[in-house]
There are 2 protein chains.
Amino acid sequence: MSLPHAILTALLEKPSSGLELTRRFDKSIGYFWSATHQQIYRELGKLEQSGFIRALPSAAPARGQKKEYEVLPAGRAELAQWAAAGQDPKPMRDPLLLRMRAAAVIGTGGLRAELERHLALHRAQLATYHGIETKDFPPERDSEQDRLRHLVLRGGIELETFWIGWLTEALGTLGDERMGEEPPREEPPREERSEK
Amino acid sequence: MSLPHAILTALLEKPSSGLELTRRFDKSIGYFWSATHQQIYRELGKLEQSGFIRALPSAAPARGQKKEYEVLPAGRAELAQWAAAGQDPKPMRDPLLLRMRAAAVIGTGGLRAELERHLALHRAQLATYHGIETKDFPPERDSEQDRLRHLVLRGGIELETFWIGWLTEALGTLGDERMGEEPPREEPPREERSEK
DNA sequence: GGTTACATGTAACGGGTTACATGATTTC
DNA sequence: GAAATCATGTAACCCGTTACATGTAACC
């Protein structure tokens with residue numbers, strides 16, 4: 001149940017319309033949460049029905065007309081309660097690590113190019129975040145809000161750094177061998193040792 | 001569409017029943033993919049219907065009776081194709097970073113304890129992974145399969161290390177101030193600079 | 001025979017993804 | 001007035017989550 005709270009947070013920072021929210025989720029909000037415009041409109045409807053937000057009176061409720069929303073006190077309370085509640089970290093689920101494990105069984109054909117592509121993407125993302133960091137968080141500023149937001153951005157930066165490091169490591173490991181398309185010679189299907 | 005391929009990978013490593021798969025997903029497979037038994041049974045049915053796997057003939061198809069599956073050639077081909085295809089990294093979506101950003105707006109009440117709890121969980125997970133690493137990947141062994149699997153485990157280890165580092169950083173940042181329950185003094189809702 | 005562990009499912013719900021639909025505004 | 005852009009939606013599908021259901025085997 002995180003999307004509604006992501007929207008509440010974004011609207012508290014600045015009242016917006018659905019499309020404006022979509023753009024913000026594609027940019028600065030994207031380094032901790034992502035959402036499509038379909039999700040956002042669906043969720044804005046629910047949040048309004050629940051009394052957590054309301055459309056600003058100036059906006060005409062017609063299709064094709066901009067509609068701006070702001071957070072109501074009930075919405076702020078809901079967000080505060082959610083943010084303070086205990087939530088366990090979600091179990092891991094990463095397709096790239098999975099594909100690497102699959103490659104261990106069926107062979108590494110084509111994976112190398114894919115790793116290099118991902119590496120480039122993560123490097124680009126990291127550069128973007130560094131850009132945001134120098135622009136938005138110069139050393140002198142340090143209000144509470146700024147320090148916390150900077151911390152969140154640091155999370156994004158460190159995650160990208162992790163990926164760059166791991167992908168580099170992976171390319172090094174793959175590089176040690178001839179680039180075979182064939183699956184590895186069939187070893188006897190030995191037990192997985194760590195599962196006994 | 002990763003779950004079916006996770007199951008194919010697991011079954012190639014060792015033919016198993018639904019419950020055995022569930023246990024494996026809770027243990028060593030868990031450091032790159034997670035799944036519940038309900039997901040697994042549902043998916044095993046689909047994979048069998050698609051002709052990617054089959055139940056070993058020895059097993060009686062009755063409720064409450066163990067049913068073991070193995071991968072058919074079509075399944076291996078499907079997995080190989082999927083693993084080699086291009087897939088973009090998924091956009092980020094992390095509830096804890098989101099809660100931190102929410103805290104920047106509504107105040108940090110209760111978050112500190114939550115960060116410490118997560119820190120302990122990640123430390124425990126890292127210790128588990130290190131245990132697997134020393135047990136399953138001693139320095140002398142280095143077949144192709146072992147090197148790739150070790151790489152995947154390294155991914156899990158480095159991710160946990162990232163979280164431990166970030167959470168420590170976060171606790172330090174929170175620690176710098178009096179632990180207030182009150183939201184930060186209302187600043188004028190200034191523009192978000194990086195979204196212009 | 002009652003309880004516990006093993007083993008395989010069903011059903012309902014909600015969020016995320018993709019494709020498509022429709023109205024309003026600006027630009028050429 | 002045709003095209004592009006802005007803006008708000010609808011619909012269908014799949015995956016993940018939660019709760020519940022049912023049958024078998026072992027143990028006491």
# chains A, B, ... in the order shown; residues from 1 in each chain; ligands from 1

call {"tool": "residues_around", "arguments": {"residues": "segment 159-168 of chain B", "least_positions_apart": "2", "cutoff": "8 Å", "atoms": "only C-alpha atoms (C1' of nucleotides)", "output": "ChimeraX atom specification"}}
result
/A:154-155,158-159,162 /B:115-116,118-119,122-123,125-126,155-157,170-172

call {"tool": "write_last_selection", "arguments": {"atoms": "all heavy atoms", "output": "short mmCIF file (atom, residue, chain, number, x, y, z; two decimals), in the first residue's frame"}}
result
data_model
loop_
_atom_site.label_atom_id
_atom_site.label_comp_id
_atom_site.auth_asym_id
_atom_site.auth_seq_id
_atom_site.Cartn_x
_atom_site.Cartn_y
_atom_site.Cartn_z
N ARG A 154 20.76 10.12 -1.50
CA ARG A 154 21.95 9.31 -1.27
C ARG A 154 21.64 7.83 -1.41
O ARG A 154 22.44 7.06 -1.95
CB ARG A 154 22.52 9.57 0.14
CG ARG A 154 23.09 10.95 0.38
CD ARG A 154 24.32 11.25 -0.43
NE ARG A 154 25.29 10.18 -0.39
CZ ARG A 154 26.31 10.05 -1.24
NH1 ARG A 154 26.48 10.94 -2.21
NH2 ARG A 154 27.15 9.05 -1.13
N GLY A 155 20.46 7.43 -0.97
CA GLY A 155 20.04 6.04 -1.16
C GLY A 155 20.05 5.66 -2.62
O GLY A 155 20.61 4.63 -3.01
N GLU A 158 23.67 5.49 -3.88
CA GLU A 158 24.42 4.32 -3.40
C GLU A 158 23.92 3.03 -4.06
O GLU A 158 24.70 2.11 -4.30
CB GLU A 158 24.35 4.23 -1.88
CG GLU A 158 25.23 5.29 -1.22
CD GLU A 158 24.91 5.52 0.26
OE1 GLU A 158 24.41 4.58 0.92
OE2 GLU A 158 25.15 6.65 0.74
N LEU A 159 22.62 2.98 -4.34
CA LEU A 159 22.10 1.81 -5.05
C LEU A 159 22.69 1.71 -6.45
O LEU A 159 23.12 0.64 -6.89
CB LEU A 159 20.58 1.90 -5.15
CG LEU A 159 19.79 0.91 -4.29
CD1 LEU A 159 18.31 1.05 -4.58
CD2 LEU A 159 20.26 -0.51 -4.55
N PHE A 162 26.15 0.52 -6.19
CA PHE A 162 26.18 -0.94 -6.00
C PHE A 162 26.07 -1.66 -7.33
O PHE A 162 26.87 -2.56 -7.64
CB PHE A 162 25.04 -1.38 -5.08
CG PHE A 162 24.52 -2.75 -5.40
CD1 PHE A 162 25.27 -3.88 -5.12
CD2 PHE A 162 23.28 -2.91 -6.02
CE1 PHE A 162 24.80 -5.15 -5.44
CE2 PHE A 162 22.81 -4.17 -6.35
CZ PHE A 162 23.57 -5.29 -6.06
N LEU B 115 14.29 2.31 11.65
CA LEU B 115 15.57 2.21 10.96
C LEU B 115 16.49 1.23 11.68
O LEU B 115 17.17 0.42 11.04
CB LEU B 115 16.25 3.58 10.89
CG LEU B 115 15.54 4.63 10.03
CD1 LEU B 115 16.31 5.95 10.05
CD2 LEU B 115 15.36 4.15 8.60
N GLU B 116 16.47 1.29 13.02
CA GLU B 116 17.33 0.37 13.76
C GLU B 116 16.88 -1.08 13.57
O GLU B 116 17.70 -1.99 13.47
CB GLU B 116 17.32 0.73 15.26
CG GLU B 116 18.43 1.71 15.60
CD GLU B 116 18.14 2.52 16.86
OE1 GLU B 116 17.08 2.30 17.49
OE2 GLU B 116 18.97 3.39 17.20
N HIS B 118 15.37 -2.31 10.89
CA HIS B 118 15.80 -2.73 9.55
C HIS B 118 17.29 -3.00 9.52
O HIS B 118 17.75 -3.96 8.90
CB HIS B 118 15.43 -1.66 8.53
CG HIS B 118 14.01 -1.71 8.08
ND1 HIS B 118 13.64 -1.81 6.76
CD2 HIS B 118 12.85 -1.71 8.78
CE1 HIS B 118 12.32 -1.85 6.67
NE2 HIS B 118 11.82 -1.77 7.88
N LEU B 119 18.04 -2.17 10.21
CA LEU B 119 19.48 -2.36 10.24
C LEU B 119 19.83 -3.74 10.80
O LEU B 119 20.64 -4.49 10.23
CB LEU B 119 20.13 -1.26 11.09
CG LEU B 119 21.66 -1.31 11.22
CD1 LEU B 119 22.33 -1.34 9.86
CD2 LEU B 119 22.17 -0.11 12.04
N HIS B 122 18.98 -6.47 8.24
CA HIS B 122 19.93 -6.56 7.13
C HIS B 122 21.27 -7.14 7.60
O HIS B 122 21.91 -7.88 6.87
CB HIS B 122 20.12 -5.18 6.50
CG HIS B 122 18.95 -4.76 5.66
ND1 HIS B 122 18.61 -5.39 4.48
CD2 HIS B 122 18.02 -3.79 5.83
CE1 HIS B 122 17.52 -4.82 3.96
NE2 HIS B 122 17.14 -3.84 4.77
N ARG B 123 21.66 -6.80 8.82
CA ARG B 123 22.89 -7.39 9.34
C ARG B 123 22.74 -8.90 9.46
O ARG B 123 23.66 -9.67 9.13
CB ARG B 123 23.20 -6.79 10.72
CG ARG B 123 23.91 -5.45 10.65
CD ARG B 123 24.73 -5.25 11.94
NE ARG B 123 24.43 -3.98 12.59
CZ ARG B 123 25.13 -2.86 12.40
NH1 ARG B 123 26.14 -2.83 11.56
NH2 ARG B 123 24.80 -1.76 13.06
N GLN B 125 20.75 -10.83 7.72
CA GLN B 125 20.73 -11.40 6.37
C GLN B 125 22.13 -11.49 5.80
O GLN B 125 22.51 -12.49 5.19
CB GLN B 125 19.84 -10.52 5.47
CG GLN B 125 19.52 -11.17 4.14
CD GLN B 125 18.66 -12.41 4.29
OE1 GLN B 125 17.57 -12.36 4.83
NE2 GLN B 125 19.18 -13.54 3.85
N LEU B 126 22.90 -10.44 6.03
CA LEU B 126 24.29 -10.43 5.54
C LEU B 126 25.09 -11.57 6.17
O LEU B 126 25.85 -12.26 5.48
CB LEU B 126 24.95 -9.08 5.84
CG LEU B 126 26.40 -8.95 5.38
CD1 LEU B 126 26.52 -9.14 3.88
CD2 LEU B 126 26.98 -7.59 5.80
N GLY B 155 26.03 -10.50 -5.34
CA GLY B 155 25.01 -9.47 -5.52
C GLY B 155 24.17 -9.30 -4.27
O GLY B 155 23.97 -8.17 -3.79
N GLY B 156 23.70 -10.40 -3.72
CA GLY B 156 22.93 -10.34 -2.49
C GLY B 156 23.74 -9.71 -1.36
O GLY B 156 23.26 -8.85 -0.63
N ILE B 157 24.98 -10.14 -1.25
CA ILE B 157 25.85 -9.62 -0.19
C ILE B 157 26.07 -8.12 -0.33
O ILE B 157 25.96 -7.35 0.64
CB ILE B 157 27.20 -10.37 -0.20
CG1 ILE B 157 26.99 -11.80 0.31
CG2 ILE B 157 28.25 -9.63 0.61
CD1 ILE B 157 28.23 -12.69 0.22
N ALA B 170 21.78 7.09 7.75
CA ALA B 170 20.49 7.70 8.11
C ALA B 170 20.37 7.89 9.61
O ALA B 170 19.93 8.95 10.08
CB ALA B 170 19.35 6.83 7.59
N LEU B 171 20.77 6.89 10.36
CA LEU B 171 20.69 7.01 11.82
C LEU B 171 21.60 8.13 12.30
O LEU B 171 21.25 8.87 13.23
CB LEU B 171 21.06 5.68 12.48
CG LEU B 171 19.95 4.63 12.41
CD1 LEU B 171 20.47 3.25 12.78
CD2 LEU B 171 18.79 5.03 13.33
N GLY B 172 22.76 8.26 11.68
CA GLY B 172 23.64 9.37 12.03
C GLY B 172 22.98 10.71 11.77
O GLY B 172 23.02 11.61 12.60
#

call {"tool": "interface_residues", "arguments": {"of": "chain C", "to": "chain B", "cutoff": "10 Å", "atoms": "only C-alpha atoms (C1' of nucleotides)", "output": "list in words"}}
result
DC6, DA7, DT8, DG9 and DT10 of chain C

call {"tool": "select_by_dssp", "arguments": {"residues": "chain A", "states": "helix (DSSP H, G or I)", "output": "PyMOL selection string"}}
result
chain A and resi 3-13+18-26+28-31+37-49+73-84+95-106+111-136+144-175+193-195

call {"tool": "select_by_dssp", "arguments": {"residues": "chain B", "states": "strand (DSSP E)", "output": "PyMOL selection string"}}
result
chain B and resi 16-17+53-55+68-71

call {"tool": "residues_around", "arguments": {"residues": "DA4 of chain D", "least_positions_apart": "2", "cutoff": "10 Å", "atoms": "only C-alpha atoms (C1' of nucleotides)", "output": "mmCIF file with all heavy atoms, in the first residue's frame"}}
result
data_model
loop_
_atom_site.group_PDB
_atom_site.id
_atom_site.type_symbol
_atom_site.label_atom_id
_atom_site.label_comp_id
_atom_site.auth_asym_id
_atom_site.auth_seq_id
_atom_site.Cartn_x
_atom_site.Cartn_y
_atom_site.Cartn_z
ATOM 1 P P DT C 26 -4.465 27.392 -24.893
ATOM 2 O OP1 DT C 26 -3.817 28.011 -23.713
ATOM 3 O OP2 DT C 26 -5.639 28.031 -25.519
ATOM 4 O "O5'" DT C 26 -3.346 27.151 -26.007
ATOM 5 C "C5'" DT C 26 -2.250 26.276 -25.696
ATOM 6 C "C4'" DT C 26 -1.576 25.830 -26.979
ATOM 7 O "O4'" DT C 26 -2.479 25.028 -27.776
ATOM 8 C "C3'" DT C 26 -1.098 26.961 -27.904
ATOM 9 O "O3'" DT C 26 0.303 26.807 -28.073
ATOM 10 C "C2'" DT C 26 -1.887 26.752 -29.200
ATOM 11 C "C1'" DT C 26 -2.180 25.254 -29.132
ATOM 12 N N1 DT C 26 -3.330 24.747 -29.920
ATOM 13 C C2 DT C 26 -3.114 23.773 -30.858
ATOM 14 O O2 DT C 26 -2.021 23.309 -31.095
ATOM 15 N N3 DT C 26 -4.245 23.346 -31.519
ATOM 16 C C4 DT C 26 -5.547 23.797 -31.331
ATOM 17 O O4 DT C 26 -6.474 23.350 -31.983
ATOM 18 C C5 DT C 26 -5.704 24.824 -30.331
ATOM 19 C C7 DT C 26 -7.060 25.383 -30.033
ATOM 20 C C6 DT C 26 -4.599 25.245 -29.675
ATOM 21 P P DT C 27 1.158 27.911 -28.813
ATOM 22 O OP1 DT C 27 2.428 27.960 -28.082
ATOM 23 O OP2 DT C 27 0.335 29.119 -28.974
ATOM 24 O "O5'" DT C 27 1.412 27.287 -30.264
ATOM 25 C "C5'" DT C 27 1.770 25.891 -30.378
ATOM 26 C "C4'" DT C 27 1.871 25.504 -31.852
ATOM 27 O "O4'" DT C 27 0.598 25.030 -32.351
ATOM 28 C "C3'" DT C 27 2.276 26.650 -32.782
ATOM 29 O "O3'" DT C 27 3.180 26.141 -33.759
ATOM 30 C "C2'" DT C 27 0.958 27.073 -33.404
ATOM 31 C "C1'" DT C 27 0.292 25.707 -33.545
ATOM 32 N N1 DT C 27 -1.177 25.719 -33.683
ATOM 33 C C2 DT C 27 -1.775 24.768 -34.474
ATOM 34 O O2 DT C 27 -1.144 23.924 -35.078
ATOM 35 N N3 DT C 27 -3.148 24.848 -34.532
ATOM 36 C C4 DT C 27 -3.962 25.768 -33.891
ATOM 37 O O4 DT C 27 -5.166 25.738 -34.022
ATOM 38 C C5 DT C 27 -3.268 26.735 -33.073
ATOM 39 C C7 DT C 27 -4.051 27.787 -32.327
ATOM 40 C C6 DT C 27 -1.927 26.675 -33.016
ATOM 41 P P DC C 28 4.182 27.093 -34.538
ATOM 42 O OP1 DC C 28 5.503 26.852 -33.965
ATOM 43 O OP2 DC C 28 3.633 28.486 -34.522
ATOM 44 O "O5'" DC C 28 4.185 26.586 -36.040
ATOM 45 C "C5'" DC C 28 3.826 25.217 -36.343
ATOM 46 C "C4'" DC C 28 3.018 25.166 -37.619
ATOM 47 O "O4'" DC C 28 1.608 25.194 -37.298
ATOM 48 C "C3'" DC C 28 3.234 26.349 -38.559
ATOM 49 O "O3'" DC C 28 4.062 25.939 -39.661
ATOM 50 C "C2'" DC C 28 1.853 26.748 -39.051
ATOM 51 C "C1'" DC C 28 0.923 25.768 -38.375
ATOM 52 N N1 DC C 28 -0.300 26.405 -37.812
ATOM 53 C C2 DC C 28 -1.553 25.863 -38.093
ATOM 54 O O2 DC C 28 -1.626 24.862 -38.805
ATOM 55 N N3 DC C 28 -2.658 26.469 -37.582
ATOM 56 C C4 DC C 28 -2.530 27.560 -36.819
ATOM 57 N N4 DC C 28 -3.634 28.114 -36.327
ATOM 58 C C5 DC C 28 -1.263 28.123 -36.526
ATOM 59 C C6 DC C 28 -0.175 27.523 -37.036
ATOM 60 P P DA D 2 -9.836 18.994 -41.874
ATOM 61 O OP1 DA D 2 -10.218 19.388 -43.236
ATOM 62 O OP2 DA D 2 -10.650 18.039 -41.119
ATOM 63 O "O5'" DA D 2 -8.327 18.450 -41.896
ATOM 64 C "C5'" DA D 2 -7.281 19.323 -42.369
ATOM 65 C "C4'" DA D 2 -5.956 18.929 -41.746
ATOM 66 O "O4'" DA D 2 -5.551 19.929 -40.789
ATOM 67 C "C3'" DA D 2 -5.931 17.589 -41.011
ATOM 68 O "O3'" DA D 2 -4.668 16.978 -41.284
ATOM 69 C "C2'" DA D 2 -6.117 17.977 -39.550
ATOM 70 C "C1'" DA D 2 -5.406 19.340 -39.496
ATOM 71 N N9 DA D 2 -5.966 20.312 -38.535
ATOM 72 C C8 DA D 2 -7.277 20.479 -38.195
ATOM 73 N N7 DA D 2 -7.470 21.438 -37.309
ATOM 74 C C5 DA D 2 -6.193 21.938 -37.070
ATOM 75 C C6 DA D 2 -5.724 22.974 -36.240
ATOM 76 N N6 DA D 2 -6.507 23.718 -35.478
ATOM 77 N N1 DA D 2 -4.398 23.199 -36.229
ATOM 78 C C2 DA D 2 -3.605 22.452 -37.015
ATOM 79 N N3 DA D 2 -3.932 21.456 -37.844
ATOM 80 C C4 DA D 2 -5.259 21.252 -37.811
ATOM 81 P P DC D 6 3.065 18.639 -24.375
ATOM 82 O OP1 DC D 6 4.080 19.554 -23.830
ATOM 83 O OP2 DC D 6 3.290 17.176 -24.383
ATOM 84 O "O5'" DC D 6 1.698 18.917 -23.589
ATOM 85 C "C5'" DC D 6 1.119 20.215 -23.654
ATOM 86 C "C4'" DC D 6 -0.272 20.169 -23.068
ATOM 87 O "O4'" DC D 6 -1.127 19.385 -23.918
ATOM 88 C "C3'" DC D 6 -0.325 19.524 -21.673
ATOM 89 O "O3'" DC D 6 -1.092 20.352 -20.812
ATOM 90 C "C2'" DC D 6 -1.000 18.173 -21.924
ATOM 91 C "C1'" DC D 6 -1.902 18.511 -23.121
ATOM 92 N N1 DC D 6 -2.296 17.346 -23.961
ATOM 93 C C2 DC D 6 -3.639 17.146 -24.267
ATOM 94 O O2 DC D 6 -4.477 17.940 -23.824
ATOM 95 N N3 DC D 6 -3.985 16.086 -25.038
ATOM 96 C C4 DC D 6 -3.039 15.258 -25.503
ATOM 97 N N4 DC D 6 -3.439 14.237 -26.270
ATOM 98 C C5 DC D 6 -1.667 15.458 -25.212
ATOM 99 C C6 DC D 6 -1.332 16.508 -24.435
#

call {"tool": "interface_residues", "arguments": {"of": "chain A", "to": "chain B", "cutoff": "7 Å", "atoms": "only C-alpha atoms", "output": "CSV table (one decimal) with N, CA and C atoms, in the first residue's frame"}}
result
chain,number,residue,atom,x,y,z
A,2,SER,N,1.8,1.3,-0.9
A,2,SER,CA,2.7,2.5,-0.9
A,2,SER,C,2.3,3.6,-1.8
A,6,ALA,N,2.8,7.6,-1.5
A,6,ALA,CA,3.8,8.3,-2.3
A,6,ALA,C,3.1,9.6,-2.9
A,9,THR,N,2.5,12.2,-0.2
A,9,THR,CA,3.8,12.9,0.1
A,9,THR,C,4.1,13.9,-1.0
A,13,GLU,N,4.2,18.1,-0.7
A,13,GLU,CA,5.3,19.0,-1.2
A,13,GLU,C,4.8,20.0,-2.1
A,14,LYS,N,3.8,19.7,-2.9
A,14,LYS,CA,3.3,20.7,-3.9
A,14,LYS,C,2.0,20.2,-4.5
A,24,ARG,N,6.4,14.4,-12.2
A,24,ARG,CA,7.3,14.4,-11.1
A,24,ARG,C,7.7,13.0,-10.7
A,27,LYS,N,10.6,12.1,-12.7
A,27,LYS,CA,11.9,12.8,-12.5
A,27,LYS,C,12.3,12.6,-11.1
A,28,SER,N,12.2,13.6,-10.2
A,28,SER,CA,12.9,13.6,-8.9
A,28,SER,C,12.3,12.5,-8.0
A,30,GLY,N,11.2,9.8,-8.9
A,30,GLY,CA,11.6,8.5,-9.5
A,30,GLY,C,12.7,7.8,-8.8
A,31,TYR,N,13.5,8.5,-8.0
A,31,TYR,CA,14.6,7.8,-7.4
A,31,TYR,C,14.2,7.1,-6.1
A,32,PHE,N,13.0,7.2,-5.7
A,32,PHE,CA,12.5,6.3,-4.6
A,32,PHE,C,11.2,5.7,-4.9
A,33,TRP,N,10.4,6.2,-5.9
A,33,TRP,CA,9.2,5.5,-6.3
A,33,TRP,C,8.8,5.8,-7.7
A,34,SER,N,8.2,4.9,-8.4
A,34,SER,CA,7.8,5.1,-9.8
A,34,SER,C,6.3,4.8,-9.9
A,80,ALA,N,1.1,10.1,8.1
A,80,ALA,CA,1.9,10.1,9.3
A,80,ALA,C,1.9,8.7,10.0
A,83,ALA,N,3.7,6.1,7.8
A,83,ALA,CA,5.2,6.2,7.8
A,83,ALA,C,5.8,5.8,9.1
A,84,ALA,N,5.0,5.9,10.2
A,84,ALA,CA,5.6,5.5,11.5
A,84,ALA,C,5.4,4.0,11.8
A,86,GLY,N,5.4,-0.1,11.5
A,86,GLY,CA,6.4,-1.1,11.2
A,86,GLY,C,6.1,-1.8,9.9
A,91,PRO,N,11.0,-9.1,0.5
A,91,PRO,CA,12.0,-10.0,0.0
A,91,PRO,C,12.5,-9.7,-1.4
A,92,MET,N,13.7,-10.0,-1.6
A,92,MET,CA,14.4,-9.6,-2.9
A,92,MET,C,13.7,-10.3,-4.1
A,93,ARG,N,13.8,-9.6,-5.2
A,93,ARG,CA,13.2,-10.2,-6.4
A,93,ARG,C,13.9,-9.4,-7.6
A,94,ASP,N,15.0,-9.9,-8.1
A,94,ASP,CA,15.7,-9.1,-9.1
A,94,ASP,C,15.9,-10.0,-10.4
A,95,PRO,N,15.3,-9.6,-11.5
A,95,PRO,CA,15.4,-10.4,-12.7
A,95,PRO,C,16.8,-10.6,-13.2
A,97,LEU,N,19.7,-10.8,-11.5
A,97,LEU,CA,20.4,-11.8,-10.7
A,97,LEU,C,19.9,-13.2,-11.1
A,98,LEU,N,18.6,-13.2,-11.3
A,98,LEU,CA,18.0,-14.5,-11.7
A,98,LEU,C,18.5,-15.0,-13.0
A,99,ARG,N,18.6,-14.0,-14.0
A,99,ARG,CA,19.1,-14.4,-15.3
A,99,ARG,C,20.6,-14.9,-15.2
A,100,MET,N,21.3,-14.3,-14.3
A,100,MET,CA,22.7,-14.8,-14.1
A,100,MET,C,22.7,-16.2,-13.5
A,101,ARG,N,21.8,-16.5,-12.6
A,101,ARG,CA,21.7,-17.8,-12.1
A,101,ARG,C,21.3,-18.8,-13.2
A,102,ALA,N,20.3,-18.4,-14.0
A,102,ALA,CA,19.9,-19.2,-15.1
A,102,ALA,C,21.1,-19.5,-16.0
A,104,ALA,N,24.1,-19.8,-15.3
A,104,ALA,CA,25.0,-20.8,-14.7
A,104,ALA,C,24.5,-22.2,-15.1
A,105,VAL,N,23.2,-22.3,-15.4
A,105,VAL,CA,22.7,-23.7,-15.7
A,105,VAL,C,22.7,-23.9,-17.3
A,106,ILE,N,22.3,-22.9,-18.0
A,106,ILE,CA,22.1,-23.1,-19.5
A,106,ILE,C,23.1,-22.4,-20.3
A,109,GLY,N,25.3,-17.4,-23.1
A,109,GLY,CA,25.2,-16.7,-24.5
A,109,GLY,C,24.4,-15.4,-24.4
A,110,GLY,N,25.0,-14.4,-24.9
A,110,GLY,CA,24.3,-13.1,-25.1
A,110,GLY,C,24.3,-12.3,-23.8
A,111,LEU,N,24.6,-12.9,-22.7
A,111,LEU,CA,24.5,-12.1,-21.4
A,111,LEU,C,25.5,-10.9,-21.3
A,114,GLU,N,24.3,-7.7,-22.6
A,114,GLU,CA,23.2,-7.2,-21.7
A,114,GLU,C,23.8,-6.6,-20.4
A,132,ILE,N,21.5,16.2,-9.8
A,132,ILE,CA,20.5,16.6,-8.8
A,132,ILE,C,21.2,17.0,-7.5
A,136,ASP,N,20.7,20.6,-6.1
A,136,ASP,CA,19.7,20.8,-5.0
A,136,ASP,C,20.2,20.8,-3.6
A,145,GLN,N,14.4,19.4,6.5
A,145,GLN,CA,13.9,18.8,5.2
A,145,GLN,C,15.0,18.5,4.2
A,148,LEU,N,17.0,15.3,5.2
A,148,LEU,CA,16.3,14.1,5.0
A,148,LEU,C,16.1,13.8,3.5
A,149,ARG,N,15.8,14.8,2.7
A,149,ARG,CA,15.7,14.6,1.3
A,149,ARG,C,17.0,14.2,0.6
A,151,LEU,N,19.3,12.6,2.1
A,151,LEU,CA,19.5,11.2,2.5
A,151,LEU,C,18.8,10.2,1.6
A,152,VAL,N,17.6,10.6,1.2
A,152,VAL,CA,16.9,9.7,0.2
A,152,VAL,C,17.6,9.6,-1.1
A,155,GLY,N,20.5,7.4,-1.0
A,155,GLY,CA,20.0,6.0,-1.2
A,155,GLY,C,20.1,5.7,-2.6
A,158,GLU,N,23.7,5.5,-3.9
A,158,GLU,CA,24.4,4.3,-3.4
A,158,GLU,C,23.9,3.0,-4.1
A,159,LEU,N,22.6,3.0,-4.3
A,159,LEU,CA,22.1,1.8,-5.0
A,159,LEU,C,22.7,1.7,-6.4
A,162,PHE,N,26.1,0.5,-6.2
A,162,PHE,CA,26.2,-0.9,-6.0
A,162,PHE,C,26.1,-1.7,-7.3
A,166,TRP,N,28.8,-4.2,-9.0
A,166,TRP,CA,28.5,-5.6,-9.2
A,166,TRP,C,28.6,-6.0,-10.7
A,170,ALA,N,30.9,-8.6,-12.5
A,170,ALA,CA,30.3,-9.7,-13.3
A,170,ALA,C,31.0,-9.7,-14.7
A,189,PRO,N,24.2,-33.8,-11.8
A,189,PRO,CA,23.4,-32.9,-11.1
A,189,PRO,C,23.6,-33.0,-9.6
A,193,ARG,N,24.4,-27.5,-2.2
A,193,ARG,CA,24.9,-27.8,-0.9
A,193,ARG,C,24.2,-27.0,0.3
A,194,SER,N,23.8,-25.7,-0.1
A,194,SER,CA,23.3,-24.9,1.0
A,194,SER,C,21.9,-25.2,1.4
A,195,GLU,N,21.3,-26.2,0.8
A,195,GLU,CA,19.8,-26.4,1.0
A,195,GLU,C,19.6,-27.6,1.8

call {"tool": "interface_residues", "arguments": {"of": "chain D", "to": "chain A", "cutoff": "8 Å", "atoms": "only C-alpha atoms (C1' of nucleotides)", "output": "PyMOL selection string"}}
result
chain D and resi 7-9

call {"tool": "atom_distance", "arguments": {"atom1": "atom C1' of DC15 of chain D", "atom2": "atom CA of Glu78 of chain B"}}
result
19.3 Å

call {"tool": "atom_distance", "arguments": {"atom1": "atom CA of Ser16 of chain A", "atom2": "atom CA of Glu68 of chain A"}}
result
5.0 Å

call {"tool": "residues_around", "arguments": {"residues": "Arg54 of chain B", "least_positions_apart": "3", "cutoff": "8 Å", "atoms": "only C-alpha atoms (C1' of nucleotides)", "output": "list in words"}}
result
Glu48, Gly51, Tyr69, Glu70, Val71 and Leu72 of chain B

call {"tool": "atom_distance", "arguments": {"atom1": "atom CA of Gly75 of chain A", "atom2": "atom CA of Glu43 of chain A"}}
result
13.1 Å

call {"tool": "residues_around", "arguments": {"residues": "DC28 of chain D", "least_positions_apart": "6", "cutoff": "12 Å", "atoms": "only C-alpha atoms (C1' of nucleotides)", "output": "ChimeraX atom specification"}}
result
/C:1-4

call {"tool": "write_last_selection", "arguments": {"atoms": "C-alpha atoms (C1' of nucleotides)", "output": "PDB file, in the first residue's frame"}}
result
ATOM      1  C1'  DG C   1      -8.157 -41.783  17.593  1.00  0.00           C
ATOM      2  C1'  DG C   2      -6.205 -37.102  18.077  1.00  0.00           C
ATOM      3  C1'  DT C   3      -2.506 -34.135  16.918  1.00  0.00           C
ATOM      4  C1'  DT C   4       1.147 -32.594  14.221  1.00  0.00           C
TER       5       DT C   4
END
